[in-house]
Amino acid sequence: MGDRARSAVSASAPASRRRGRAPTSSRARRQYARAASSYDRRLATRVVAPVQRRAIDRLELRRGHTVLDVACGTGLNFAGIRAAIGAEGCLIGIDLTADMLAVARGRVESHGWRNVQLIEGNVEEASIPMPVDAALFSFSHDVLRSPAAVARVVEAVKPGGRVVACGSKWGPWWALPVNAVLAVTSLPYTTTFEGFREPWSLLARSVAEGGVESLALGSMYVFSGTTR
């Protein structure tokens, strides 16, 4: 990121968010608890939907697959994943925040989905049923910047399974207005900007055949790889 883009971030983000600090679970839980009731109706949520659909496509799912949706939030990806794995597959959603999972649970119950399992807790410590066929990190920057969380998820995926991440990132140096807006809109959903230029970098070290697709003037990405 160039100096002008950094200036935009400095003007928009509190100092505590700019120091390259590690993700903070307690702060993330509070942020998402406040956002849960209106999360699905927010403009930002609707804007990123095409990127999430693209990421689900990159999972290369088949009917009967078991999929882990990391930091699943309110379950916005559930319908797309279930359409690929069918009723015979299994979807495991894990999230830190009870308020977000309450919305996800309501979504599951309203659709009558019997093959969705929800887990509340830190990814680093949660009891994840293993192995799974694929895992998705969808707009979950804090989790992707936790080495322990990334290692836990990759460990849960079968050898040769797909791992895909999508989310926001700093655009190129010339995209100053984009980066300025991104800094502001990302604040409610992250506790750190550490690694925001390449959020997938820790994941890339843990999988084989990784590739990145840059979208939305470089402000969003889809990373996909295969476990060793």
# chains A, B, ... in the order shown; residues from 1 in each chain; ligands from 1
>>> closest_atom_pairs(of="region 123-161 of chain A", to="region 47-52 of chain A", cutoff="12 Å", atoms="only C-alpha atoms", output="CSV")
residue,atom,partner,partner_atom,distance
A:Leu136,CA,A:Gln52,CA,9.6
A:Phe137,CA,A:Gln52,CA,9.6
A:Ser138,CA,A:Gln52,CA,6.7
A:Phe139,CA,A:Gln52,CA,8.4
A:Ser140,CA,A:Gln52,CA,11.6
>>> write_last_selection(atoms="C-alpha atoms", output="PDB file, in the first residue's frame")
ATOM      1  CA  LEU A 136     -14.578 -21.527   3.907  1.00  0.00           C
ATOM      2  CA  PHE A 137     -13.263 -18.314   5.508  1.00  0.00           C
ATOM      3  CA  SER A 138     -15.740 -15.651   4.421  1.00  0.00           C
ATOM      4  CA  PHE A 139     -14.954 -12.041   5.390  1.00  0.00           C
ATOM      5  CA  SER A 140     -13.280 -13.282   8.560  1.00  0.00           C
TER       6      SER A 140
END
>>> atom_distance(atom1="CA of Ser38 (chain A)", atom2="CA of Phe78 (chain A)")
17.9 Å
>>> closest_residue(among="A:Val164, A:Leu187, A:Val150, A:Val67", to="Ala134 (chain A)", atoms="only C-alpha atoms")
A:Val67
>>> residues_around(residues="Ser224 (chain A)", least_positions_apart="5", cutoff="6 Å", atoms="only C-alpha atoms", output="list in words")
Val163, Val164, Gly210 and Gly211 of chain A
>>> write_last_selection(atoms="N, CA and C atoms", output="mmCIF file, in the first residue's frame")
data_model
loop_
_atom_site.group_PDB
_atom_site.id
_atom_site.type_symbol
_atom_site.label_atom_id
_atom_site.label_comp_id
_atom_site.auth_asym_id
_atom_site.auth_seq_id
_atom_site.Cartn_x
_atom_site.Cartn_y
_atom_site.Cartn_z
ATOM 1 N N VAL A 163 -9.713 -25.368 0.536
ATOM 2 C CA VAL A 163 -9.823 -24.310 1.533
ATOM 3 C C VAL A 163 -9.874 -22.988 0.776
ATOM 4 N N VAL A 164 -10.912 -22.202 1.026
ATOM 5 C CA VAL A 164 -11.114 -20.949 0.295
ATOM 6 C C VAL A 164 -11.352 -19.824 1.295
ATOM 7 N N GLY A 210 -2.105 -22.757 -4.049
ATOM 8 C CA GLY A 210 -2.921 -21.597 -3.735
ATOM 9 C C GLY A 210 -2.916 -20.576 -4.852
ATOM 10 N N GLY A 211 -4.035 -19.882 -5.017
ATOM 11 C CA GLY A 211 -4.144 -18.837 -6.021
ATOM 12 C C GLY A 211 -5.075 -17.750 -5.541
#
>>> closest_residue(among="A:Gly167, A:Gly225, A:Gly121, A:Pro172", to="Ala44 (chain A)", atoms="only C-alpha atoms")
A:Gly167
>>> atom_distance(atom1="CA of Glu88 (chain A)", atom2="CA of Pro159 (chain A)")
21.4 Å
>>> closest_residue(among="A:Ser127, A:Thr192, A:Thr66, A:Asn122", to="Cys90 (chain A)", atoms="only C-alpha atoms")
A:Thr66
>>> decode(residues="region 182-197 of chain A", atoms="N, CA and C atoms", output="mmCIF file, in the first residue's frame")
data_model
loop_
_atom_site.group_PDB
_atom_site.id
_atom_site.type_symbol
_atom_site.label_atom_id
_atom_site.label_comp_id
_atom_site.auth_asym_id
_atom_site.auth_seq_id
_atom_site.Cartn_x
_atom_site.Cartn_y
_atom_site.Cartn_z
ATOM 1 N N LEU A 182 -12.829 1.829 2.492
ATOM 2 C CA LEU A 182 -12.618 0.495 3.048
ATOM 3 C C LEU A 182 -12.201 0.562 4.506
ATOM 4 N N ALA A 183 -11.335 1.519 4.836
ATOM 5 C CA ALA A 183 -10.879 1.665 6.217
ATOM 6 C C ALA A 183 -12.051 1.917 7.157
ATOM 7 N N VAL A 184 -12.984 2.772 6.718
ATOM 8 C CA VAL A 184 -14.130 3.114 7.557
ATOM 9 C C VAL A 184 -15.127 1.954 7.644
ATOM 10 N N THR A 185 -15.447 1.351 6.505
ATOM 11 C CA THR A 185 -16.467 0.304 6.487
ATOM 12 C C THR A 185 -15.990 -0.994 7.135
ATOM 13 N N SER A 186 -14.683 -1.175 7.231
ATOM 14 C CA SER A 186 -14.157 -2.404 7.835
ATOM 15 C C SER A 186 -14.073 -2.329 9.350
ATOM 16 N N LEU A 187 -14.108 -1.142 9.910
ATOM 17 C CA LEU A 187 -13.927 -0.982 11.355
ATOM 18 C C LEU A 187 -14.902 -1.791 12.203
ATOM 19 N N PRO A 188 -16.197 -1.871 11.844
ATOM 20 C CA PRO A 188 -17.106 -2.632 12.692
ATOM 21 C C PRO A 188 -16.898 -4.139 12.639
ATOM 22 N N TYR A 189 -16.086 -4.610 11.700
ATOM 23 C CA TYR A 189 -15.985 -6.055 11.468
ATOM 24 C C TYR A 189 -14.579 -6.616 11.691
ATOM 25 N N THR A 190 -13.640 -5.778 12.107
ATOM 26 C CA THR A 190 -12.282 -6.242 12.369
ATOM 27 C C THR A 190 -11.764 -5.617 13.652
ATOM 28 N N THR A 191 -10.771 -6.253 14.270
ATOM 29 C CA THR A 191 -10.113 -5.649 15.423
ATOM 30 C C THR A 191 -8.661 -5.315 15.105
ATOM 31 N N THR A 192 -8.215 -5.609 13.900
ATOM 32 C CA THR A 192 -6.858 -5.305 13.485
ATOM 33 C C THR A 192 -6.789 -5.139 11.976
ATOM 34 N N PHE A 193 -5.886 -4.282 11.521
ATOM 35 C CA PHE A 193 -5.589 -4.177 10.098
ATOM 36 C C PHE A 193 -4.271 -4.869 9.772
ATOM 37 N N GLU A 194 -3.726 -5.581 10.721
ATOM 38 C CA GLU A 194 -2.496 -6.334 10.470
ATOM 39 C C GLU A 194 -2.742 -7.315 9.327
ATOM 40 N N GLY A 195 -1.829 -7.341 8.361
ATOM 41 C CA GLY A 195 -1.971 -8.270 7.247
ATOM 42 C C GLY A 195 -3.053 -7.920 6.253
ATOM 43 N N PHE A 196 -3.580 -6.684 6.300
ATOM 44 C CA PHE A 196 -4.731 -6.350 5.455
ATOM 45 C C PHE A 196 -4.366 -6.214 3.983
ATOM 46 N N ARG A 197 -3.091 -6.166 3.686
ATOM 47 C CA ARG A 197 -2.693 -6.124 2.284
ATOM 48 C C ARG A 197 -2.820 -7.503 1.648
#
